[in-house]
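Below: one structure, written as structure tokens.
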Amino acid sequence: MKNILFALKSQRALYALSAVLLTLSIALCSVVSFFASAKCVHEDVLRLHVIANSDSEADQAVKLLVRDRVLETGADIFDGSVTADEAERRITPELEKIEQAATAALRENGFDYGVRAETVSEYFDTRAYGDITLPAGKYEAVRIVLGEGKGKNWWCVMFPPLCLPAVTREDEDGAAVFPAHERKVVEQSPKYEVRFKIAELIERIFKKK
């Protein structure tokens, strides 16, 4: 009788262990799938990043004036057609023009510090942009650094063209510009989606590599 009871307990324990392992396996597969889709988002998105000289009210205000001048001057390249893969090839030749436009905006408003424009592979934390969320990781970006570049930054998505007036109307579904497998990532809310935190922890560990 004792042997039978022991066998039944062992069988129940085995079933319980199997259920736990199955749950963990499903959760792991879900995280891996999410992480893979997040990597696709990283590769497809091109960001524009303007970093202010400091957090002073004046430096933050002129940062936005520089942003407007850069977008106006570079309308032919910031038109939503330049993909992340093409960024360095198509934008690098225009960096001098971008710097000159940014410098002109600074000088017109009484600022004498310099400007550096570059195309970089840059790490970003998880960030919400309207109705989409971009997962943490390295993205191709056009970075414009004003002066010492120690202030709060302004950023947007150049490709897909989410920061262009034509595609930022209130009735526009920002996530619709992404492929279906990427849309499942960017439509999630980081407040309720644990996988964003898991992906961010992994990306932070490897961001310097």
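Residues in the structure tokens are named by chain (A, B, ... in the order shown) and by number from 1 within that chain; ligands are numbered from 1 in the order shown.
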
Which residues come within 10 Å of stretch 152-160 of chain A, counting only C-alpha atoms, excluding same-chain residues fewer than 5 positions away, as a count of residues only? 41

Determine which residues of stretch 55-174 of chain A receive a DSSP assignment of alpha helix (DSSP H), computed from the backbone, and state them as an MDAnalysis selection string. chainID A and resid 57:73 87:91 95:108

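If only C-alpha atoms are the atoms counted, then among A:Val41, A:Ala128, A:Val115, A:Ala102 the closest residue to A:Val66 is A:Ala102.
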